[in-house]
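Source file: entry_36.txt. Holds: compact mmCIF, C-alpha atoms.
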# COMPACT_ATOMS: atom_id res chain seq x y z
CA MET A 71 6.11 278.20 92.87
CA GLY A 72 7.95 281.31 91.70
CA ARG A 73 4.74 283.35 91.61
CA ALA A 74 3.81 282.24 95.12
CA LEU A 75 7.30 283.19 96.32
CA THR A 76 7.08 286.69 94.85
CA ARG A 77 3.66 287.26 96.42
CA GLY A 78 4.65 285.97 99.85
CA PRO A 79 6.51 287.70 102.70
CA VAL A 80 9.88 287.18 101.00
CA GLY A 81 8.59 288.77 97.81
CA ARG A 82 7.25 291.76 99.71
CA ARG A 83 10.62 292.28 101.43
CA LEU A 84 12.43 292.04 98.09
CA ARG A 85 10.10 294.58 96.48
CA LYS A 86 10.63 296.94 99.43
CA ALA A 87 14.44 296.57 99.36
CA ALA A 88 14.84 296.77 95.58
CA PRO A 89 14.49 300.58 95.06
CA PRO A 90 17.38 301.57 97.38
CA ALA A 91 19.56 298.50 96.68
CA VAL A 92 19.56 298.39 92.86
CA PRO A 93 21.30 301.79 92.35
CA VAL A 94 23.98 300.80 94.89
CA LEU A 95 24.62 297.50 93.10
CA LEU A 96 24.86 299.28 89.75
CA ALA A 97 27.33 301.80 91.17
CA ILE A 98 29.47 299.00 92.70
CA ALA A 99 29.49 297.12 89.40
CA ASP A 100 30.51 300.34 87.61
CA ALA A 101 33.33 300.93 90.08
CA MET A 102 34.65 297.37 89.74
CA LEU A 103 34.51 297.44 85.95
CA VAL A 104 36.37 300.74 85.75
CA ASN A 105 38.92 300.35 88.57
CA GLY A 106 39.10 296.61 89.15
CA ILE A 107 39.05 295.01 92.62
CA GLY A 108 42.40 296.19 93.95
CA LEU A 109 42.73 298.21 97.14
CA ASP A 110 43.76 301.67 96.01
CA LEU A 111 42.47 305.26 96.15
CA GLU A 112 40.35 304.96 93.02
CA VAL A 113 38.52 301.88 94.27
CA GLY A 114 38.07 303.40 97.73
CA VAL A 115 36.41 306.65 96.60
CA SER A 116 34.33 304.73 94.04
CA MET A 117 32.99 302.29 96.64
CA ALA A 118 32.35 305.14 99.08
CA ALA A 119 30.33 306.94 96.40
CA ALA A 120 28.32 303.76 95.73
CA ALA A 121 27.60 303.24 99.43
CA ALA A 122 26.49 306.87 99.83
CA LEU A 123 23.58 306.19 97.45
CA LEU A 124 21.80 304.42 100.31
CA MET A 125 21.07 307.88 101.80
CA ARG A 126 20.28 309.63 98.51
CA ARG A 127 16.57 310.10 99.25
CA ARG A 128 17.10 311.63 102.68
CA PHE A 129 20.15 313.82 101.86
CA PRO A 130 20.19 314.18 98.05
CA LEU A 131 22.53 317.19 97.91
CA LEU A 132 25.11 315.80 100.36
CA VAL A 133 25.12 312.42 98.62
CA PHE A 134 25.69 314.09 95.24
CA LEU A 135 28.63 316.05 96.59
CA PHE A 136 29.98 312.87 98.19
CA THR A 137 29.94 311.06 94.83
CA LEU A 138 31.94 313.74 92.97
CA PRO A 139 35.36 312.46 94.21
CA GLY A 140 34.44 309.06 92.82
CA LEU A 141 33.82 310.64 89.42
CA TYR A 142 36.91 312.83 89.56
CA ILE A 143 39.35 310.24 90.93
CA GLY A 144 37.77 306.90 90.08
CA TYR A 145 36.15 307.84 86.76
CA ILE A 146 32.80 306.29 87.66
CA TRP A 147 29.55 307.55 86.16
CA PHE A 148 26.58 305.72 87.69
CA ALA A 149 26.89 306.99 91.29
CA PRO A 150 27.02 310.76 90.50
CA MET A 151 24.41 310.47 87.76
CA ILE A 152 21.98 308.61 90.03
CA ALA A 153 22.61 311.12 92.81
CA LEU A 154 21.99 314.04 90.44
CA TYR A 155 18.77 312.40 89.19
CA THR A 156 17.52 312.05 92.77
CA LEU A 157 18.39 315.67 93.50
CA ALA A 158 16.46 316.86 90.40
CA ALA A 159 13.44 314.74 91.33
CA ARG A 160 13.32 315.96 94.94
CA ARG A 161 14.69 319.52 94.88
CA PRO A 162 14.06 321.02 91.44
CA GLY A 163 15.55 324.45 92.08
CA ARG A 164 17.09 326.00 88.98
CA ALA A 165 20.07 327.56 90.72
CA LEU A 166 20.80 324.42 92.72
CA LEU A 167 20.57 322.12 89.73
CA GLY A 168 22.64 324.52 87.59
CA GLY A 169 25.42 324.64 90.18
CA CYS A 170 25.42 320.85 90.62
CA ALA A 171 25.50 320.37 86.84
CA LEU A 172 28.60 322.61 86.62
CA LEU A 173 30.26 320.63 89.42
CA LEU A 174 29.60 317.34 87.63
CA ILE A 175 30.89 318.79 84.32
CA ALA A 176 34.05 320.00 86.05
CA ALA A 177 34.64 316.66 87.79
CA HIS A 178 34.18 314.89 84.48
CA PHE A 179 36.14 317.36 82.34
CA PHE A 180 39.29 317.82 84.41
CA PRO A 181 41.52 314.75 84.74
CA TYR A 182 43.10 313.35 87.88
CA PRO A 183 45.69 314.46 88.66
CA ILE A 184 45.11 317.98 87.34
CA SER A 185 48.67 318.13 86.04
CA ASP A 186 47.64 315.79 83.19
CA PHE A 187 45.32 318.42 81.75
CA GLU A 188 46.47 319.66 78.33
CA LEU A 189 44.96 323.00 77.46
CA THR A 190 46.06 322.83 73.81
CA ALA A 191 44.25 319.56 73.07
CA TYR A 192 41.26 321.45 71.72
CA ARG A 193 39.59 318.60 69.87
CA GLU A 194 39.86 316.15 72.76
CA ASN A 195 38.81 318.74 75.33
CA THR A 196 35.76 319.70 73.25
CA LEU A 197 34.62 316.08 73.01
CA VAL A 198 35.09 315.55 76.75
CA LEU A 199 33.20 318.78 77.51
CA ILE A 200 30.27 317.67 75.32
CA ASP A 201 30.29 314.27 76.95
CA ALA A 202 30.35 315.86 80.42
CA SER A 203 27.48 318.21 79.52
CA VAL A 204 25.33 315.34 78.28
CA THR A 205 26.25 313.30 81.37
CA SER A 206 24.99 316.10 83.64
CA ALA A 207 21.94 317.11 81.55
CA ALA A 208 20.47 313.62 81.14
CA PRO A 209 19.85 312.82 84.85
CA ILE A 210 18.52 316.34 85.49
CA ALA A 211 16.06 316.06 82.60
CA LEU A 212 14.94 312.60 83.71
CA GLY A 213 14.53 313.70 87.34
CA LEU A 214 12.47 316.75 86.35
CA LEU A 215 10.35 314.58 84.06
CA VAL A 216 9.61 312.10 86.86
CA ARG A 217 8.76 314.90 89.29
CA THR A 218 6.47 316.56 86.75
CA ARG A 219 4.73 313.25 86.18
CA GLN A 220 4.21 312.79 89.91
CA GLU A 221 2.81 316.31 90.27
CA LEU A 222 0.52 315.72 87.30
CA ALA A 223 -0.74 312.45 88.82
CA SER A 224 -1.35 314.24 92.11
CA ARG A 225 -3.29 317.02 90.39
CA VAL A 226 -5.32 314.49 88.41
CA GLU A 227 -6.18 312.73 91.67
CA ASP A 228 -7.21 316.04 93.24
CA LEU A 229 -9.31 316.82 90.18
CA THR A 230 -10.93 313.39 90.36
CA ARG A 231 -11.80 313.91 94.02
CA SER A 232 -13.18 317.34 93.19
CA LEU A 233 -15.33 315.91 90.40
CA ARG A 234 -16.62 313.19 92.69
CA ARG A 235 -17.46 315.80 95.29
CA GLU A 236 -19.31 317.84 92.67
CA ASP A 237 -21.18 314.73 91.55
CA ARG A 238 -22.26 314.08 95.12
CA LEU A 239 -23.37 317.68 95.53
CA LEU A 240 -25.31 317.47 92.26
CA ALA A 241 -26.93 314.21 93.38
CA ASP A 242 -27.85 315.81 96.71
CA ARG A 243 -29.34 318.78 94.88
CA VAL A 244 -31.37 316.46 92.67
CA LYS A 245 -32.56 314.55 95.74
CA THR A 246 -33.53 317.80 97.44
CA THR A 247 -35.51 318.89 94.38
CA GLU A 248 -37.22 315.51 94.16
CA ARG A 249 -38.05 315.56 97.86
CA ALA A 250 -39.60 319.00 97.49
CA ARG A 251 -41.67 317.77 94.55
CA LEU A 252 -42.83 314.71 96.49
CA ALA A 253 -43.66 316.92 99.45
CA ARG A 254 -45.83 319.18 97.29
CA GLU A 255 -47.67 316.23 95.73
CA MET A 256 -48.16 314.56 99.10
CA HIS A 257 -49.54 317.73 100.59
CA ASP A 258 -51.83 318.45 97.61
CA VAL A 259 -53.27 314.93 97.34
CA VAL A 260 -53.23 313.32 100.78
CA ALA A 261 -53.90 316.42 102.85
CA HIS A 262 -56.92 317.30 100.70
CA GLN A 263 -58.45 313.84 101.03
CA VAL A 264 -57.82 313.60 104.77
CA SER A 265 -59.31 317.07 105.28
CA LEU A 266 -62.47 315.96 103.49
CA ILE A 267 -62.63 312.87 105.74
CA SER A 268 -62.32 315.09 108.82
CA LEU A 269 -65.04 317.44 107.59
CA GLN A 270 -67.41 314.59 106.78
CA ALA A 271 -66.78 312.99 110.17
CA GLY A 272 -67.46 316.33 111.87
CA ALA A 273 -70.73 316.67 109.97
CA VAL A 274 -71.81 313.16 111.02
CA GLN A 275 -70.85 313.88 114.63
CA VAL A 276 -73.06 316.99 114.68
CA SER A 277 -76.06 315.63 112.74
CA THR A 278 -76.50 312.10 114.10
CA GLU A 279 -78.36 311.26 117.28
CA ASP A 280 -76.85 307.78 117.63
CA ALA A 281 -74.28 307.87 120.46
CA GLU A 282 -72.22 305.03 118.97
CA ALA A 283 -72.12 306.68 115.56
CA ARG A 284 -71.20 309.99 117.17
CA ALA A 285 -68.30 308.34 119.04
CA GLY A 286 -67.09 306.68 115.86
CA ALA A 287 -67.26 309.96 113.97
CA ARG A 288 -65.30 311.67 116.74
CA THR A 289 -62.64 308.97 116.55
CA ILE A 290 -62.41 309.35 112.77
CA ARG A 291 -62.03 313.09 113.11
CA GLU A 292 -59.31 312.78 115.75
CA LEU A 293 -57.45 310.27 113.58
CA SER A 294 -57.72 312.62 110.62
CA VAL A 295 -56.31 315.51 112.64
CA ARG A 296 -53.40 313.37 113.85
CA THR A 297 -52.76 312.16 110.32
CA LEU A 298 -52.62 315.74 109.08
CA GLU A 299 -50.15 316.66 111.84
CA GLU A 300 -47.84 313.76 110.98
CA LEU A 301 -48.20 314.53 107.29
CA ARG A 302 -47.24 318.13 107.95
CA HIS A 303 -44.15 316.96 109.84
CA MET A 304 -43.20 314.55 107.06
CA VAL A 305 -43.58 317.23 104.42
CA GLY A 306 -41.36 319.52 106.50
CA VAL A 307 -38.66 316.86 106.71
CA LEU A 308 -38.83 316.21 102.97
CA ARG A 309 -38.48 319.90 102.21
CA ALA A 310 -35.66 320.45 104.70
CA ASP A 311 -32.06 319.88 103.66
CA GLY A 312 -29.01 318.77 105.67
CA GLY A 313 -28.94 320.29 109.12
CA GLU A 314 -32.42 321.74 108.63
CA ALA A 315 -33.80 318.22 108.33
CA ALA A 316 -32.16 317.19 111.58
CA GLU A 317 -33.44 320.34 113.23
CA ALA A 318 -36.93 319.69 111.93
CA ARG A 319 -36.86 316.14 113.28
CA ASP A 320 -35.67 317.37 116.67
CA LEU A 321 -38.23 320.16 116.93
CA ALA A 322 -41.26 318.23 115.69
CA PRO A 323 -43.24 316.28 118.30
CA GLN A 324 -42.60 312.55 118.01
CA PRO A 325 -44.72 309.71 119.39
CA ASP A 326 -43.41 307.65 122.31
CA LEU A 327 -44.64 304.95 124.68
CA GLU A 328 -46.86 307.40 126.55
CA GLU A 329 -49.05 307.64 123.45
CA LEU A 330 -49.46 303.88 123.03
CA PRO A 331 -52.70 303.69 125.11
CA ARG A 332 -54.26 306.38 122.92
CA LEU A 333 -53.12 304.55 119.77
CA ILE A 334 -54.62 301.29 121.05
CA GLU A 335 -57.85 303.00 122.05
CA MET A 336 -58.28 304.44 118.57
CA SER A 337 -57.38 301.19 116.80
CA ALA A 338 -60.93 299.78 117.15
CA LEU A 339 -59.46 296.38 118.10
CA ASP A 340 -59.83 294.11 121.12
CA VAL A 341 -56.41 294.86 122.61
CA THR A 342 -54.93 294.01 125.98
CA TYR A 343 -52.04 296.33 126.80
CA GLU A 344 -49.34 295.34 129.27
CA ARG A 345 -46.31 297.41 130.11
CA GLY A 346 -43.44 296.49 132.40
CA VAL A 347 -41.98 299.02 134.84
CA VAL A 348 -38.70 300.56 133.73
CA SER A 349 -36.51 302.56 136.13
CA GLY A 350 -33.83 304.80 134.68
CA ALA A 351 -34.53 304.08 131.01
CA GLY A 352 -35.78 307.58 130.37
CA GLY A 353 -32.31 309.00 130.84
CA ALA A 354 -30.59 306.38 128.73
CA SER A 355 -28.90 307.44 125.54
CA GLY A 356 -31.24 307.04 122.57
CA ALA A 357 -34.29 306.32 124.77
CA LYS A 358 -36.56 308.61 122.74
CA THR A 359 -35.46 307.03 119.48
CA VAL A 360 -36.07 303.55 120.88
CA GLU A 361 -39.53 304.50 122.18
CA ARG A 362 -40.42 306.02 118.82
CA ALA A 363 -39.33 302.80 117.07
CA ALA A 364 -41.41 300.76 119.53
CA PHE A 365 -44.44 302.98 118.89
CA ARG A 366 -44.07 302.58 115.10
CA THR A 367 -43.74 298.80 115.51
CA VAL A 368 -47.01 298.59 117.46
CA GLN A 369 -48.69 300.95 114.99
CA GLU A 370 -47.71 298.85 111.96
CA ALA A 371 -48.62 295.58 113.69
CA LEU A 372 -52.11 296.86 114.60
CA THR A 373 -52.58 298.05 111.03
CA ASN A 374 -51.70 294.58 109.73
CA ILE A 375 -54.11 292.98 112.21
CA ARG A 376 -56.94 295.21 110.98
CA LYS A 377 -56.14 294.18 107.40
CA HIS A 378 -55.54 290.45 107.78
CA ALA A 379 -57.11 289.36 111.10
CA PRO A 380 -60.31 291.33 111.73
CA GLY A 381 -62.00 290.50 115.01
CA ALA A 382 -58.91 288.83 116.47
CA ARG A 383 -57.93 289.36 120.08
CA VAL A 384 -54.66 291.22 120.48
CA ARG A 385 -52.12 291.48 123.26
CA VAL A 386 -49.50 294.24 123.26
CA ARG A 387 -46.69 293.97 125.79
CA VAL A 388 -43.74 296.33 126.34
CA ASP A 389 -40.95 295.16 128.64
CA PRO A 390 -37.40 296.21 129.53
CA VAL A 391 -34.64 293.82 128.51
CA ASP A 392 -31.28 293.29 130.15
CA THR A 393 -29.50 292.16 126.99
CA VAL A 394 -30.44 292.85 123.40
CA ARG A 395 -29.21 290.50 120.73
CA GLY A 396 -27.77 292.28 117.67
CA PRO A 397 -28.85 291.66 114.07
CA ALA A 398 -27.84 288.31 112.61
CA THR A 399 -24.65 288.44 110.56
CA ASP A 400 -24.68 284.91 109.15
CA GLY A 401 -27.14 285.78 106.42
CA ALA A 402 -30.17 284.22 108.15
CA GLU A 403 -33.38 286.04 107.36
CA VAL A 404 -36.45 286.43 109.57
CA ALA A 405 -39.44 284.44 108.34
CA TYR A 406 -42.26 286.90 107.87
CA GLY A 407 -45.57 285.11 108.12
CA MET A 408 -44.23 281.73 106.86
CA GLU A 409 -45.76 278.53 108.18
CA GLY A 410 -43.56 276.48 110.49
CA ALA A 411 -41.05 279.27 111.14
CA GLU A 412 -39.26 278.79 114.44
CA ALA A 413 -39.06 281.49 117.09
CA ALA A 414 -35.68 283.13 117.48
CA TYR A 415 -36.19 284.07 121.10
CA GLY A 416 -37.09 280.81 122.82
CA THR A 417 -40.35 278.93 123.35
CA ASP A 418 -43.49 280.90 124.06
CA ALA A 419 -45.66 279.91 126.99
CA ALA A 420 -49.00 278.32 126.23
CA ASP A 421 -50.91 281.29 127.52
CA GLY A 422 -48.68 283.75 125.69
CA ALA A 423 -47.38 285.32 128.87
CA GLY A 424 -44.27 287.42 128.39
CA THR A 425 -40.94 286.73 130.02
CA ALA A 426 -39.64 289.14 132.62
CA TYR A 427 -36.48 290.94 131.57
CA GLY A 428 -34.12 293.27 133.32
CA THR A 429 -32.58 293.71 136.74
CA GLU A 430 -34.92 294.32 139.67
CA THR A 431 -34.44 297.53 141.63
CA ALA A 432 -35.50 298.44 145.17
CA ASP A 433 -38.69 300.17 144.02
CA GLY A 434 -39.86 297.20 141.95
CA GLY A 435 -38.72 298.60 138.61
CA ARG A 436 -35.95 297.34 136.35
CA THR A 437 -32.88 299.09 135.01
CA ALA A 438 -33.02 298.17 131.33
CA ARG A 439 -30.42 298.09 128.59
CA GLY A 440 -33.08 297.93 125.95
CA LEU A 441 -36.78 297.59 125.18
CA ARG A 442 -38.78 294.59 124.02
CA VAL A 443 -42.11 294.96 122.21
CA GLU A 444 -44.42 292.06 121.46
CA ILE A 445 -47.70 292.22 119.54
CA ARG A 446 -49.57 288.92 119.48
CA ASN A 447 -52.95 288.27 117.92
CA GLY A 448 -55.13 285.22 117.79
CA PRO A 449 -56.91 283.82 114.75
CA PRO A 450 -59.29 286.15 112.89
CA ASP A 451 -63.02 286.07 113.55
CA ALA A 452 -64.64 284.12 110.73
CA THR A 453 -67.79 286.25 110.93
CA ALA A 454 -65.92 289.57 110.70
CA THR A 455 -65.80 291.49 107.43
CA VAL A 456 -62.33 291.78 105.93
CA PRO A 457 -61.71 295.46 105.09
CA ALA A 458 -60.52 296.19 101.57
CA LEU A 459 -57.46 298.13 102.69
CA PRO A 460 -54.56 298.60 100.27
CA GLY A 461 -51.15 297.27 101.25
CA GLY A 462 -47.69 297.52 99.74
CA GLY A 463 -46.23 294.47 101.48
CA HIS A 464 -43.28 296.43 102.88
CA GLY A 465 -44.46 297.14 106.42
CA LEU A 466 -42.65 294.33 108.25
CA VAL A 467 -39.57 294.74 106.07
CA GLY A 468 -39.42 298.40 107.02
CA LEU A 469 -39.82 297.54 110.71
CA ARG A 470 -36.98 295.04 110.52
CA GLU A 471 -34.72 297.57 108.80
CA ARG A 472 -35.55 300.14 111.48
CA ALA A 473 -34.73 297.62 114.22
CA GLN A 474 -31.43 296.67 112.60
CA SER A 475 -30.47 300.32 112.12
CA LEU A 476 -30.80 300.73 115.90
CA GLY A 477 -28.77 297.59 116.59
CA GLY A 478 -31.80 295.47 117.51
CA THR A 479 -33.78 292.60 116.04
CA LEU A 480 -37.30 291.89 114.85
CA GLU A 481 -39.13 288.56 114.53
CA ALA A 482 -42.46 288.09 112.79
CA ARG A 483 -44.09 284.66 112.43
CA ARG A 484 -47.31 282.70 112.59
CA THR A 485 -48.30 280.94 115.80
CA SER A 486 -49.62 277.44 116.26
CA ASP A 487 -53.15 278.66 117.01
CA GLY A 488 -53.46 280.43 113.65
CA GLY A 489 -52.50 283.84 114.93
CA PHE A 490 -49.43 285.97 114.42
CA VAL A 491 -46.72 287.46 116.62
CA VAL A 492 -44.36 290.38 116.04
CA ARG A 493 -41.52 290.74 118.53
CA ALA A 494 -38.82 293.44 118.43
CA GLU A 495 -35.92 294.32 120.72
CA PHE A 496 -34.15 297.69 120.69
CA PRO A 497 -30.99 298.55 122.65
CA TYR A 498 -30.67 301.92 124.33
CA GLY A 499 -27.75 304.04 123.22
CA ALA A 500 -28.06 303.23 119.50
CA GLY A 501 -30.10 306.30 118.60

What is this file in structure tokens?
Amino acid sequence: MGRALTRGPVGRRLRKAAPPAVPVLLAIADAMLVNGIGLDLEVGVSMAAAAALLMRRRFPLLVFLFTLPGLYIGYIWFAPMIALYTLAARRPGRALLGGCALLLIAAHFFPYPISDFELTAYRENTLVLIDASVTSAAPIALGLLVRTRQELASRVEDLTRSLRREDRLLADRVKTTERARLAREMHDVVAHQVSLISLQAGAVQVSTEDAEARAGARTIRELSVRTLEELRHMVGVLRADGGEAAEARDLAPQPDLEELPRLIEMSALDVTYERGVVSGAGGASGAKTVERAAFRTVQEALTNIRKHAPGARVRVRVDPVDTVRGPATDGAEVAYGMEGAEAAYGTDAADGAGTAYGTETADGGRTARGLRVEIRNGPPDATATVPALPGGGHGLVGLRERAQSLGGTLEARRTSDGGFVVRAEFPYGAG
């Protein structure tokens, strides 16, 4: 019960009020113990000195001077000592603290009224002077110690932040070095092999008389050239650092929806491509980033179809969407290729026709807030040869992460006819 009270609103108020209130209460108790509770001059100046401690943090010098009459007339100690401690902690000037120490010594050394001072009482005066000196030195020393500790803590914090910043810079430097090493290895290994593929395809294209083989060789050569171009861009990004990387990404040509027909043509699959009409999407914020993400989604899906569903019929559809649902935040995961997984975007029509999205405009187009991409394939052809293509198993996971980074969603699941569907939605303005 007591612990709950101290941690509740009442406890927080008490902890906030304690620092300014405790010194005042101590000074009042000191005044009452020394001068009693009668209404006279001594009690009045002592209580005034105690009350002045409420403003000690804002006006430390004025509060200290205001407490000196209480020491001189009322013979109180706590109020002037606390005021002098606050002054030392907040304004540690040597001349200021020296002058205030002399004032406190004088107020403590000389009696009230001054006519009671006996100059010839050497022993008693010496003891009072020593007592007054200690009374003034102790709060100054404690205040300076507290201030030094605070400055030391602040410098340690600054040093810690500096060390963390240096650690981050060192980590960035290590990453840059590793990226450069990966770029060199990628260029040396992959570029060499792809160049050999391109040369061999060129030789077949020149030497063969079979038109179909010549067309296939030409396609292989074009794919090799495109692969080398993208590899060159990737190596440039890996070698760039900071703003150079961003500049390299901006300057390098990036694929978009206009290149989808060419990608589908070179995929060597039976693909039906459908694209909805979008009006005004080209000027939307992040449109290029969204189109690039859509292109990569189709590219990865077609690659998976070649690996796992050879001979299957494929339908690729790109449509504008009026509203894009954000990534799920309840921890639900998308079922990638799992039997019986339910669709997250409603029931598909029996013929697989896409749903129209967006707001119709006068010219028949739609003003879209996002883009929807769907790649649907039927069951694989049992007579087709399954290519022995390597796979890392991270393609769909990477696509989902890309979609979520843009504020969109991605669904990948099996269909009832034994095929597979990949559906992604990307909002404009997220790139």

From CA of Pro130 (chain A) to CA of Ile210 (chain A) the spacing works out at 12.9 Å

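One finds CA of Arg446 (chain A) at 22.7 Å from CA of Gly477 (chain A).
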
Just want the 9 Å neighbourhood of Pro380 (chain A), counted on all atoms listed in the file, with same-chain residues fewer than 2 positions away dropped. Output as a ChimeraX atom specification.
/A:339,375-378,382-383,449-452,454-457

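You can rank A:Ile445, A:Ala253, A:Arg235, A:Leu172 by their closest distance to Gly306 (chain A) using only C-alpha atoms, and at the top of that list sits A:Ala253.
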
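Between CA of Met125 (chain A) and CA of Met102 (chain A) the interatomic distance comes to 21.0 Å.
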
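Of the residues under consideration (A:Thr289, A:Thr297, A:Thr373, A:Thr367), A:Thr367 shows the shortest atom-to-atom contact distance to Asp326 (chain A) when counting all atoms listed in the file.
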
Nearest to Thr218 (chain A) among A:Pro162, A:Gly489, A:Gly144, A:Gly499, with distances taken over only C-alpha atoms: which residue is it?
A:Pro162

Select, counting all atoms listed in the file, all protein, DNA and RNA residues no farther than 10 Å from (-60.4, 300.8, 117.5) in file coordinates, and express the selection as an NGL selection string.
:A and (286 or 289-290 or 332-341 or 372 or 376)

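Take the candidates A:Pro89, A:Leu327, A:Tyr142, A:Gly108 and check each one against Pro183 (chain A) using all atoms listed in the file; the shortest distance goes to A:Tyr142.
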
Can you tell me, as a PyMOL selection string, what residues are no more than 6 Å from region 175-180 of chain A when counting only C-alpha atoms, ignoring any on the same chain fewer than 6 positions away?
chain A and resi 142+198-199+202-203

List the spatial neighbours of region 111-123 of chain A as a PyMOL selection string - criterion: any atom at most 9 Å away, only C-alpha atoms, same-chain residues fewer than 5 positions off excluded.
chain A and resi 90-91+93-98+100-102+104-106+130+133-134+136-141+143-146+148-150+152-153

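Residue nearest Leu167 (chain A) within the list A:Ala371, A:Val204, A:Leu197, A:Ala211: A:Ala211 [criterion: smallest interatomic distance, only C-alpha atoms].
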
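The list of residues within 7 Å of (-47.8, 292.2, 124.0), counted using all atoms listed in the file, is A:Tyr343, A:Glu344, A:Arg385, A:Val386, A:Arg387, A:Val388, A:Val443, A:Glu444, A:Ile445, A:Arg446.
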
Could you give me region 169-187 of chain A completed to N, CA and C atoms, formatted as an mmCIF file, in the frame of the given file?
data_model
loop_
_atom_site.group_PDB
_atom_site.id
_atom_site.type_symbol
_atom_site.label_atom_id
_atom_site.label_comp_id
_atom_site.auth_asym_id
_atom_site.auth_seq_id
_atom_site.Cartn_x
_atom_site.Cartn_y
_atom_site.Cartn_z
ATOM 1 N N GLY A 169 24.125 324.746 89.504
ATOM 2 C CA GLY A 169 25.420 324.640 90.180
ATOM 3 C C GLY A 169 25.908 323.213 90.256
ATOM 4 N N CYS A 170 25.023 322.261 90.546
ATOM 5 C CA CYS A 170 25.420 320.850 90.620
ATOM 6 C C CYS A 170 25.812 320.325 89.237
ATOM 7 N N ALA A 171 25.123 320.797 88.191
ATOM 8 C CA ALA A 171 25.500 320.370 86.840
ATOM 9 C C ALA A 171 26.903 320.863 86.501
ATOM 10 N N LEU A 172 27.249 322.099 86.876
ATOM 11 C CA LEU A 172 28.600 322.610 86.620
ATOM 12 C C LEU A 172 29.650 321.818 87.402
ATOM 13 N N LEU A 173 29.320 321.436 88.641
ATOM 14 C CA LEU A 173 30.260 320.630 89.420
ATOM 15 C C LEU A 173 30.493 319.274 88.768
ATOM 16 N N LEU A 174 29.429 318.637 88.279
ATOM 17 C CA LEU A 174 29.600 317.340 87.630
ATOM 18 C C LEU A 174 30.392 317.476 86.336
ATOM 19 N N ILE A 175 30.131 318.557 85.566
ATOM 20 C CA ILE A 175 30.890 318.790 84.320
ATOM 21 C C ILE A 175 32.367 318.985 84.641
ATOM 22 N N ALA A 176 32.646 319.751 85.691
ATOM 23 C CA ALA A 176 34.050 320.000 86.050
ATOM 24 C C ALA A 176 34.734 318.715 86.505
ATOM 25 N N ALA A 177 34.028 317.912 87.330
ATOM 26 C CA ALA A 177 34.640 316.660 87.790
ATOM 27 C C ALA A 177 34.875 315.700 86.649
ATOM 28 N N HIS A 178 34.015 315.759 85.646
ATOM 29 C CA HIS A 178 34.180 314.890 84.480
ATOM 30 C C HIS A 178 35.206 315.442 83.491
ATOM 31 N N PHE A 179 35.285 316.744 83.356
ATOM 32 C CA PHE A 179 36.140 317.360 82.340
ATOM 33 C C PHE A 179 37.611 317.362 82.746
ATOM 34 N N PHE A 180 37.889 317.741 83.983
ATOM 35 C CA PHE A 180 39.290 317.820 84.410
ATOM 36 C C PHE A 180 39.791 316.453 84.853
ATOM 37 N N PRO A 181 40.987 316.075 84.400
ATOM 38 C CA PRO A 181 41.520 314.750 84.740
ATOM 39 C C PRO A 181 42.147 314.745 86.122
ATOM 40 N N TYR A 182 42.392 313.518 86.612
ATOM 41 C CA TYR A 182 43.100 313.350 87.880
ATOM 42 C C TYR A 182 44.392 312.595 87.595
ATOM 43 N N PRO A 183 45.509 313.149 87.987
ATOM 44 C CA PRO A 183 45.690 314.460 88.660
ATOM 45 C C PRO A 183 45.535 315.601 87.671
ATOM 46 N N ILE A 184 45.367 316.811 88.171
ATOM 47 C CA ILE A 184 45.110 317.980 87.340
ATOM 48 C C ILE A 184 46.294 318.325 86.466
ATOM 49 N N SER A 185 47.472 317.835 86.830
ATOM 50 C CA SER A 185 48.670 318.130 86.040
ATOM 51 C C SER A 185 48.633 317.472 84.671
ATOM 52 N N ASP A 186 47.763 316.465 84.487
ATOM 53 C CA ASP A 186 47.640 315.790 83.190
ATOM 54 C C ASP A 186 46.774 316.558 82.209
ATOM 55 N N PHE A 187 46.194 317.667 82.652
ATOM 56 C CA PHE A 187 45.320 318.420 81.750
ATOM 57 C C PHE A 187 46.146 319.162 80.709
#
